[in-house]
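Quick notes on the structure that follows.
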Amino acid sequence: MVQPETIGRNAMLPETVQTTIAPGAPVGAQLHGILRDLILHNDLPPGSRLSESELAARFAVSRQPVREAFIKLSEEGLLEVRPQRGTFVRRISQAAVMDARFVREAIEADIVKLLAARPDAGLVEELRLQLQEQREAARTDAARFIKLDELFHKTLADAAGKARAWALIEGLKVQMDRVRYLSLLRFPMVKLTAQHEAIVNAIGDGDQQAAEAAVRGHMREILSDLPAIFEEKPEFFEEPGR
C-alpha cells in the first residue's frame, strides 16, 4: 500500500519543485499548478496528506491561496477532504478515466475531420516536425514524450479553431494523465508515434474517414493498457463502483 505522507516543512519535495512564488501572478493559481503537476506525475501518490498550514509556510504565503488551490484540485477530483482527518490525494478513478477517454475521442474525432476537410500544408509540415521530436523522445525520454504528445493534440485543436474544446478536454483528462505517468515504463511510445503519423497522413491526404478512424483507434489504446496497469498498481486506484 502507498503510505500517506505529509508535505510541508518536514517533508521532502522533489528537488526540481520551485517553491518561490513569482510576483505579479495569482498565488493560488501558481500553487494549484505546482501541486497538480506533483499529483499527475505521482510525486504525490494517492494517500499523501497535504497540510494547508505547512504548505503556506513552505511557500511563504498566507493560507488563503493554499485553500484556493485545494478547492480547485478537489473539484478536479485530485484531492479529497476527510473531516477531522485532513486533505489527501485521491486515488485514481477508473470510471473517470473511461469517461474522459469517451469524451476526448468524440471531440478529437470531429477536430481531425475538420482539418482533413481543408488540408493545410503548413500545419502538416509543423506536425511532421513534431513527429520527428516524438521519435527522438521515444528512444530516451518517456516524460518528454508525454509533453510532446500533449502539444500534438493541442496543435490539432488550435488549428481547427477549437481551443476552448481543448481547454474542456484538459479539465477532464487529469485522471488519464495520472495513468499515463504511472505507466511510463510500459508506455507504447513507438506505437503511439505511428498512430500520430497515421493521423497526420490522413489530414494531409484530405481523408476525413481515415483521420477519424486513426484518432478513434489512438484514443482507445488505454482500453487495453488500463487493466494491466491496475493489476500492477492496485493501490493507486479507487475500488470499482466508487
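As shown in the C-alpha cells, the chain order sets the letters A, B, ...; within each chain, residues go from 1, and ligands are also counted from 1 in the order they appear.
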#### Entry: All strand (DSSP E or B) positions in stretch 40-108 of chain A, as a PyMOL selection string
chain A and resi 49-50+79-82+86-89+92
Serialized selection, all heavy atoms, as a compact mmCIF listing (two decimals), in the first residue's frame:
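Printed below is result.txt as written:
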```txt
# COMPACT_ATOMS: atom_id res chain seq x y z
N ARG A 49 -0.91 13.16 2.41
CA ARG A 49 -1.65 14.18 3.17
C ARG A 49 -1.03 15.54 2.92
O ARG A 49 0.18 15.72 3.05
CB ARG A 49 -1.64 13.86 4.65
CG ARG A 49 -2.40 14.85 5.50
CD ARG A 49 -2.39 14.44 6.97
NE ARG A 49 -3.11 15.39 7.79
CZ ARG A 49 -2.55 16.47 8.32
NH1 ARG A 49 -1.27 16.71 8.13
NH2 ARG A 49 -3.27 17.31 9.05
N LEU A 50 -1.87 16.51 2.57
CA LEU A 50 -1.41 17.87 2.33
C LEU A 50 -1.87 18.76 3.47
O LEU A 50 -3.07 18.80 3.78
CB LEU A 50 -1.95 18.40 1.00
CG LEU A 50 -1.16 18.02 -0.26
CD1 LEU A 50 -1.24 16.52 -0.52
CD2 LEU A 50 -1.69 18.78 -1.47
N LEU A 79 -8.02 15.79 -5.07
CA LEU A 79 -7.93 15.81 -3.61
C LEU A 79 -9.27 15.47 -3.00
O LEU A 79 -10.32 15.68 -3.63
CB LEU A 79 -7.50 17.20 -3.11
CG LEU A 79 -6.11 17.71 -3.43
CD1 LEU A 79 -5.88 19.07 -2.78
CD2 LEU A 79 -5.03 16.72 -3.00
N GLU A 80 -9.24 14.97 -1.78
CA GLU A 80 -10.46 14.78 -1.02
C GLU A 80 -10.24 15.24 0.41
O GLU A 80 -9.16 15.06 0.97
CB GLU A 80 -10.93 13.33 -1.04
CG GLU A 80 -9.99 12.34 -0.37
CD GLU A 80 -10.58 10.94 -0.36
OE1 GLU A 80 -11.81 10.82 -0.26
OE2 GLU A 80 -9.78 9.98 -0.43
N VAL A 81 -11.25 15.88 0.95
CA VAL A 81 -11.19 16.37 2.33
C VAL A 81 -11.89 15.36 3.22
O VAL A 81 -13.07 15.04 3.01
CB VAL A 81 -11.85 17.75 2.47
CG1 VAL A 81 -11.81 18.21 3.93
CG2 VAL A 81 -11.16 18.77 1.57
N ARG A 82 -11.18 14.85 4.20
CA ARG A 82 -11.76 13.91 5.16
C ARG A 82 -11.95 14.64 6.48
O ARG A 82 -10.96 15.02 7.13
CB ARG A 82 -10.84 12.70 5.35
CG ARG A 82 -10.56 11.95 4.05
CD ARG A 82 -9.54 10.84 4.27
NE ARG A 82 -9.11 10.24 3.02
CZ ARG A 82 -8.09 9.38 2.91
NH1 ARG A 82 -7.40 9.05 4.00
NH2 ARG A 82 -7.76 8.89 1.73
N GLY A 86 -8.06 15.44 7.54
CA GLY A 86 -7.17 16.22 6.69
C GLY A 86 -7.54 16.14 5.23
O GLY A 86 -8.59 15.61 4.85
N THR A 87 -6.64 16.66 4.40
CA THR A 87 -6.81 16.68 2.95
C THR A 87 -5.81 15.72 2.32
O THR A 87 -4.60 15.81 2.61
CB THR A 87 -6.61 18.11 2.40
OG1 THR A 87 -7.56 18.99 3.00
CG2 THR A 87 -6.79 18.13 0.89
N PHE A 88 -6.31 14.82 1.46
CA PHE A 88 -5.48 13.76 0.92
C PHE A 88 -5.59 13.69 -0.60
O PHE A 88 -6.62 14.03 -1.17
CB PHE A 88 -5.89 12.41 1.50
CG PHE A 88 -5.70 12.29 2.99
CD1 PHE A 88 -6.65 12.78 3.87
CD2 PHE A 88 -4.55 11.71 3.51
CE1 PHE A 88 -6.48 12.68 5.24
CE2 PHE A 88 -4.37 11.61 4.88
CZ PHE A 88 -5.33 12.09 5.74
N VAL A 89 -4.51 13.22 -1.21
CA VAL A 89 -4.53 12.96 -2.65
C VAL A 89 -5.44 11.76 -2.92
O VAL A 89 -5.29 10.71 -2.28
CB VAL A 89 -3.11 12.67 -3.18
CG1 VAL A 89 -3.17 12.30 -4.68
CG2 VAL A 89 -2.21 13.88 -2.97
N ILE A 92 -6.95 7.13 -8.11
CA ILE A 92 -7.39 7.33 -9.49
C ILE A 92 -8.73 6.62 -9.71
O ILE A 92 -8.86 5.43 -9.38
CB ILE A 92 -6.34 6.80 -10.49
CG1 ILE A 92 -5.01 7.54 -10.30
CG2 ILE A 92 -6.83 6.94 -11.92
CD1 ILE A 92 -3.86 6.91 -11.06
```
### Task
Considering only C-alpha atoms, return as number ranges by chain whatever protein or nucleic-acid residues lie within 10 Å of A:Asp110, sequence-local ones (same chain, fewer than 2 positions apart) excluded.
A: 105-108, 112-116, 157, 160, 208, 211-212, 215
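The gap separating atom CA of A:Gln130 from atom CA of A:Leu156 is 11.6 Å, in Å to one decimal.
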### Message
So that I can check the surroundings of stretch 63-76 of chain A, please list as a PyMOL selection string every protein, DNA and RNA residue that reaches within 8 Å of it, counting only C-alpha atoms and ignoring chain neighbours fewer than 2 positions away.
### Response
chain A and resi 27-29+31-32+36+52-53+55-56+61+78-81+171-172+174
Filtering to N, CA and C atoms, could you give me those residues as a PDB file, in the first residue's frame?
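What ended up in out-v4.pdb:
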```
ATOM      1  N   VAL A  27      -1.248  33.898  -6.773  1.00  0.00           N
ATOM      2  CA  VAL A  27      -0.556  32.899  -5.960  1.00  0.00           C
ATOM      3  C   VAL A  27      -1.307  31.573  -5.965  1.00  0.00           C
ATOM      4  N   GLY A  28      -2.640  31.637  -5.819  1.00  0.00           N
ATOM      5  CA  GLY A  28      -3.425  30.407  -5.794  1.00  0.00           C
ATOM      6  C   GLY A  28      -3.266  29.599  -7.061  1.00  0.00           C
ATOM      7  N   ALA A  29      -3.233  30.278  -8.212  1.00  0.00           N
ATOM      8  CA  ALA A  29      -3.078  29.586  -9.492  1.00  0.00           C
ATOM      9  C   ALA A  29      -1.708  28.929  -9.591  1.00  0.00           C
ATOM     10  N   LEU A  31       0.179  27.878  -7.017  1.00  0.00           N
ATOM     11  CA  LEU A  31       0.181  26.721  -6.121  1.00  0.00           C
ATOM     12  C   LEU A  31      -0.607  25.562  -6.725  1.00  0.00           C
ATOM     13  N   HIS A  32      -1.740  25.887  -7.337  1.00  0.00           N
ATOM     14  CA  HIS A  32      -2.544  24.857  -7.978  1.00  0.00           C
ATOM     15  C   HIS A  32      -1.725  24.145  -9.040  1.00  0.00           C
ATOM     16  N   ARG A  36      -0.739  20.287  -8.739  1.00  0.00           N
ATOM     17  CA  ARG A  36      -1.367  19.481  -9.792  1.00  0.00           C
ATOM     18  C   ARG A  36      -0.318  18.650 -10.526  1.00  0.00           C
ATOM     19  N   GLU A  52      -2.447  22.400   4.902  1.00  0.00           N
ATOM     20  CA  GLU A  52      -2.643  23.788   4.463  1.00  0.00           C
ATOM     21  C   GLU A  52      -1.627  24.719   5.127  1.00  0.00           C
ATOM     22  N   SER A  53      -1.477  24.586   6.435  1.00  0.00           N
ATOM     23  CA  SER A  53      -0.584  25.490   7.165  1.00  0.00           C
ATOM     24  C   SER A  53       0.876  25.250   6.789  1.00  0.00           C
ATOM     25  N   LEU A  55       2.075  23.939   3.983  1.00  0.00           N
ATOM     26  CA  LEU A  55       2.329  24.392   2.617  1.00  0.00           C
ATOM     27  C   LEU A  55       2.458  25.907   2.570  1.00  0.00           C
ATOM     28  N   ALA A  56       1.607  26.607   3.325  1.00  0.00           N
ATOM     29  CA  ALA A  56       1.682  28.058   3.364  1.00  0.00           C
ATOM     30  C   ALA A  56       3.054  28.503   3.872  1.00  0.00           C
ATOM     31  N   VAL A  61       3.580  31.980   1.948  1.00  0.00           N
ATOM     32  CA  VAL A  61       2.356  32.668   1.547  1.00  0.00           C
ATOM     33  C   VAL A  61       1.323  32.504   2.661  1.00  0.00           C
ATOM     34  N   LEU A  78      -8.784  15.462  -7.687  1.00  0.00           N
ATOM     35  CA  LEU A  78      -7.424  15.079  -7.320  1.00  0.00           C
ATOM     36  C   LEU A  78      -7.203  15.051  -5.814  1.00  0.00           C
ATOM     37  N   LEU A  79      -8.024  15.794  -5.075  1.00  0.00           N
ATOM     38  CA  LEU A  79      -7.927  15.812  -3.614  1.00  0.00           C
ATOM     39  C   LEU A  79      -9.274  15.468  -3.001  1.00  0.00           C
ATOM     40  N   GLU A  80      -9.244  14.970  -1.784  1.00  0.00           N
ATOM     41  CA  GLU A  80     -10.464  14.779  -1.022  1.00  0.00           C
ATOM     42  C   GLU A  80     -10.236  15.243   0.414  1.00  0.00           C
ATOM     43  N   VAL A  81     -11.248  15.884   0.950  1.00  0.00           N
ATOM     44  CA  VAL A  81     -11.185  16.371   2.333  1.00  0.00           C
ATOM     45  C   VAL A  81     -11.893  15.358   3.217  1.00  0.00           C
ATOM     46  N   GLY A 171      -9.447  19.800 -18.713  1.00  0.00           N
ATOM     47  CA  GLY A 171     -10.070  19.692 -17.404  1.00  0.00           C
ATOM     48  C   GLY A 171     -10.581  18.304 -17.094  1.00  0.00           C
ATOM     49  N   LEU A 172     -10.914  17.552 -18.139  1.00  0.00           N
ATOM     50  CA  LEU A 172     -11.492  16.223 -17.948  1.00  0.00           C
ATOM     51  C   LEU A 172     -10.447  15.112 -17.830  1.00  0.00           C
ATOM     52  N   VAL A 174      -7.475  14.726 -16.409  1.00  0.00           N
ATOM     53  CA  VAL A 174      -6.438  14.648 -15.390  1.00  0.00           C
ATOM     54  C   VAL A 174      -6.203  13.216 -14.912  1.00  0.00           C
TER      55      VAL A 174
END
```
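The space separating atom CA of A:Gly47 from atom CA of A:Val179 comes to 15.9 Å.
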### Message
Can you tell me which residues surround A:Ala60 at a distance of at most 10 Å, considering only C-alpha atoms, apart from same-chain residues fewer than 6 positions away, and format the answer as a list in words?
### Response
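Returned residues: Thr19, Thr20, Ile21 and Glu54 of chain A.
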Saved selection, atoms kept: N, CA and C atoms, as a PDB file, in the first residue's frame:
```
ATOM      1  N   THR A  19       9.805  26.393  -5.208  1.00  0.00           N
ATOM      2  CA  THR A  19       8.983  26.812  -4.066  1.00  0.00           C
ATOM      3  C   THR A  19       8.903  28.325  -3.935  1.00  0.00           C
ATOM      4  N   THR A  20       9.522  29.044  -4.865  1.00  0.00           N
ATOM      5  CA  THR A  20       9.431  30.503  -4.874  1.00  0.00           C
ATOM      6  C   THR A  20       8.258  30.922  -5.747  1.00  0.00           C
ATOM      7  N   ILE A  21       7.376  31.715  -5.179  1.00  0.00           N
ATOM      8  CA  ILE A  21       6.203  32.180  -5.912  1.00  0.00           C
ATOM      9  C   ILE A  21       6.570  33.419  -6.725  1.00  0.00           C
ATOM     10  N   GLU A  54       1.262  23.989   6.640  1.00  0.00           N
ATOM     11  CA  GLU A  54       2.646  23.691   6.330  1.00  0.00           C
ATOM     12  C   GLU A  54       3.011  24.093   4.905  1.00  0.00           C
TER      13      GLU A  54
END
```
### Query
In stretch 5-201 of chain A, what's alpha helix (DSSP H) per DSSP? Answer as an MDAnalysis selection string?
chainID A and resid 27:40 52:59 63:75 94:117 121:140 142:159 163:172 174:182 189:201
### Task
For each of A:Gly217, A:Pro26, A:Pro234, A:Gly33, take the minimum atom-to-atom distance to A:Leu182, counting only C-alpha atoms, then give the residue where this is smallest.
A:Pro234
Would you mind listing what lies within 6 Å of stretch 38-46 of chain A as a PDB file with N, CA, C and O atoms, in the first residue's frame, with only C-alpha atoms counted and same-chain residues fewer than 3 positions away left out?
```pdb
ATOM      1  N   LEU A  35       1.092  21.865  -7.356  1.00  0.00           N
ATOM      2  CA  LEU A  35       0.545  20.662  -6.722  1.00  0.00           C
ATOM      3  C   LEU A  35      -0.079  19.729  -7.747  1.00  0.00           C
ATOM      4  O   LEU A  35       0.038  18.498  -7.644  1.00  0.00           O
ATOM      5  N   VAL A  89      -4.508  13.222  -1.213  1.00  0.00           N
ATOM      6  CA  VAL A  89      -4.530  12.961  -2.651  1.00  0.00           C
ATOM      7  C   VAL A  89      -5.435  11.759  -2.915  1.00  0.00           C
ATOM      8  O   VAL A  89      -5.290  10.706  -2.279  1.00  0.00           O
ATOM      9  N   ARG A  90      -6.384  11.935  -3.825  1.00  0.00           N
ATOM     10  CA  ARG A  90      -7.336  10.861  -4.116  1.00  0.00           C
ATOM     11  C   ARG A  90      -6.702   9.769  -4.968  1.00  0.00           C
ATOM     12  O   ARG A  90      -5.758  10.006  -5.728  1.00  0.00           O
ATOM     13  N   ARG A  91      -7.256   8.598  -4.829  1.00  0.00           N
ATOM     14  CA  ARG A  91      -6.883   7.523  -5.750  1.00  0.00           C
ATOM     15  C   ARG A  91      -7.467   7.814  -7.127  1.00  0.00           C
ATOM     16  O   ARG A  91      -8.368   8.636  -7.278  1.00  0.00           O
ATOM     17  N   ARG A 178      -2.704  10.923 -15.053  1.00  0.00           N
ATOM     18  CA  ARG A 178      -2.090  10.212 -13.930  1.00  0.00           C
ATOM     19  C   ARG A 178      -1.752   8.779 -14.331  1.00  0.00           C
ATOM     20  O   ARG A 178      -0.683   8.257 -13.979  1.00  0.00           O
ATOM     21  N   TYR A 181       1.414   8.801 -16.660  1.00  0.00           N
ATOM     22  CA  TYR A 181       2.679   8.927 -15.949  1.00  0.00           C
ATOM     23  C   TYR A 181       2.956   7.698 -15.084  1.00  0.00           C
ATOM     24  O   TYR A 181       4.119   7.316 -14.890  1.00  0.00           O
ATOM     25  N   PHE A 236      -3.084   2.437  -6.310  1.00  0.00           N
ATOM     26  CA  PHE A 236      -3.272   3.775  -6.862  1.00  0.00           C
ATOM     27  C   PHE A 236      -4.706   4.047  -7.302  1.00  0.00           C
ATOM     28  O   PHE A 236      -5.033   5.170  -7.624  1.00  0.00           O
TER      29      PHE A 236
END
```
#### Entry: Selection: 12 Å around A:Leu148, only C-alpha atoms, excl. self and same-chain fewer than 3 positions, as number ranges by chain
A: 127, 129-138, 141-145, 151-155, 189, 192-193, 196
Writing out the chosen residues with C-alpha atoms as a compact mmCIF listing (two decimals), in the first residue's frame:
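Contents of part.txt, as written:
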```txt
# COMPACT_ATOMS: atom_id res chain seq x y z
CA LEU A 127 3.01 18.21 -37.31
CA LEU A 129 8.37 18.19 -37.32
CA GLN A 130 6.65 17.29 -34.07
CA LEU A 131 6.61 13.64 -35.12
CA GLN A 132 10.39 13.74 -35.52
CA GLU A 133 10.75 15.11 -31.99
CA GLN A 134 8.43 12.38 -30.73
CA ARG A 135 10.55 9.68 -32.38
CA GLU A 136 13.66 11.05 -30.67
CA ALA A 137 11.94 11.23 -27.27
CA ALA A 138 10.53 7.71 -27.72
CA ASP A 141 12.67 10.16 -22.55
CA ALA A 142 9.12 8.99 -21.80
CA ALA A 143 8.27 12.07 -19.72
CA ARG A 144 9.26 14.37 -22.58
CA PHE A 145 7.25 12.23 -24.97
CA LEU A 151 1.49 19.50 -27.75
CA PHE A 152 0.48 17.38 -30.75
CA HIS A 153 -3.16 17.14 -29.72
CA LYS A 154 -3.31 20.80 -28.66
CA THR A 155 -1.90 21.82 -32.05
CA MET A 189 5.74 5.41 -27.39
CA LEU A 192 1.70 5.98 -30.35
CA THR A 193 4.04 7.90 -32.67
CA HIS A 196 0.10 10.10 -34.71
```
Dump as CSV the rows for residues of stretch 93-187 of chain A within 12 Å of stretch 223-228 of chain A: closest atom pair and distance in Å with one decimal, only C-alpha atoms counted, ordered by chain and rising residue number.
```
residue,atom,partner,partner_atom,distance
A:Ser93,CA,A:Leu226,CA,11.4
A:Gln94,CA,A:Leu226,CA,8.3
A:Ala95,CA,A:Leu226,CA,11.2
A:Val97,CA,A:Leu226,CA,9.1
A:Met98,CA,A:Leu223,CA,8.1
A:Asp99,CA,A:Leu223,CA,11.6
A:Ala100,CA,A:Leu223,CA,12.0
A:Arg101,CA,A:Leu223,CA,9.0
A:Phe102,CA,A:Leu223,CA,10.5
A:Gln175,CA,A:Leu226,CA,11.6
A:Met176,CA,A:Leu226,CA,9.7
A:Arg178,CA,A:Leu226,CA,11.5
A:Val179,CA,A:Leu226,CA,7.8
A:Arg180,CA,A:Leu226,CA,9.5
A:Leu182,CA,A:Leu226,CA,10.5
A:Ser183,CA,A:Asp225,CA,8.7
A:Leu184,CA,A:Asp225,CA,11.6
A:Arg186,CA,A:Asp225,CA,8.8
A:Phe187,CA,A:Asp225,CA,8.9
```
#### Entry: For A:Lys191, the nearest of the candidates A:Gln209, A:Arg139, A:Lys162, A:Phe237, counting only C-alpha atoms
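Between A:Gln209, A:Arg139, A:Lys162, A:Phe237, the residue approaching A:Lys191 most closely is A:Arg139.
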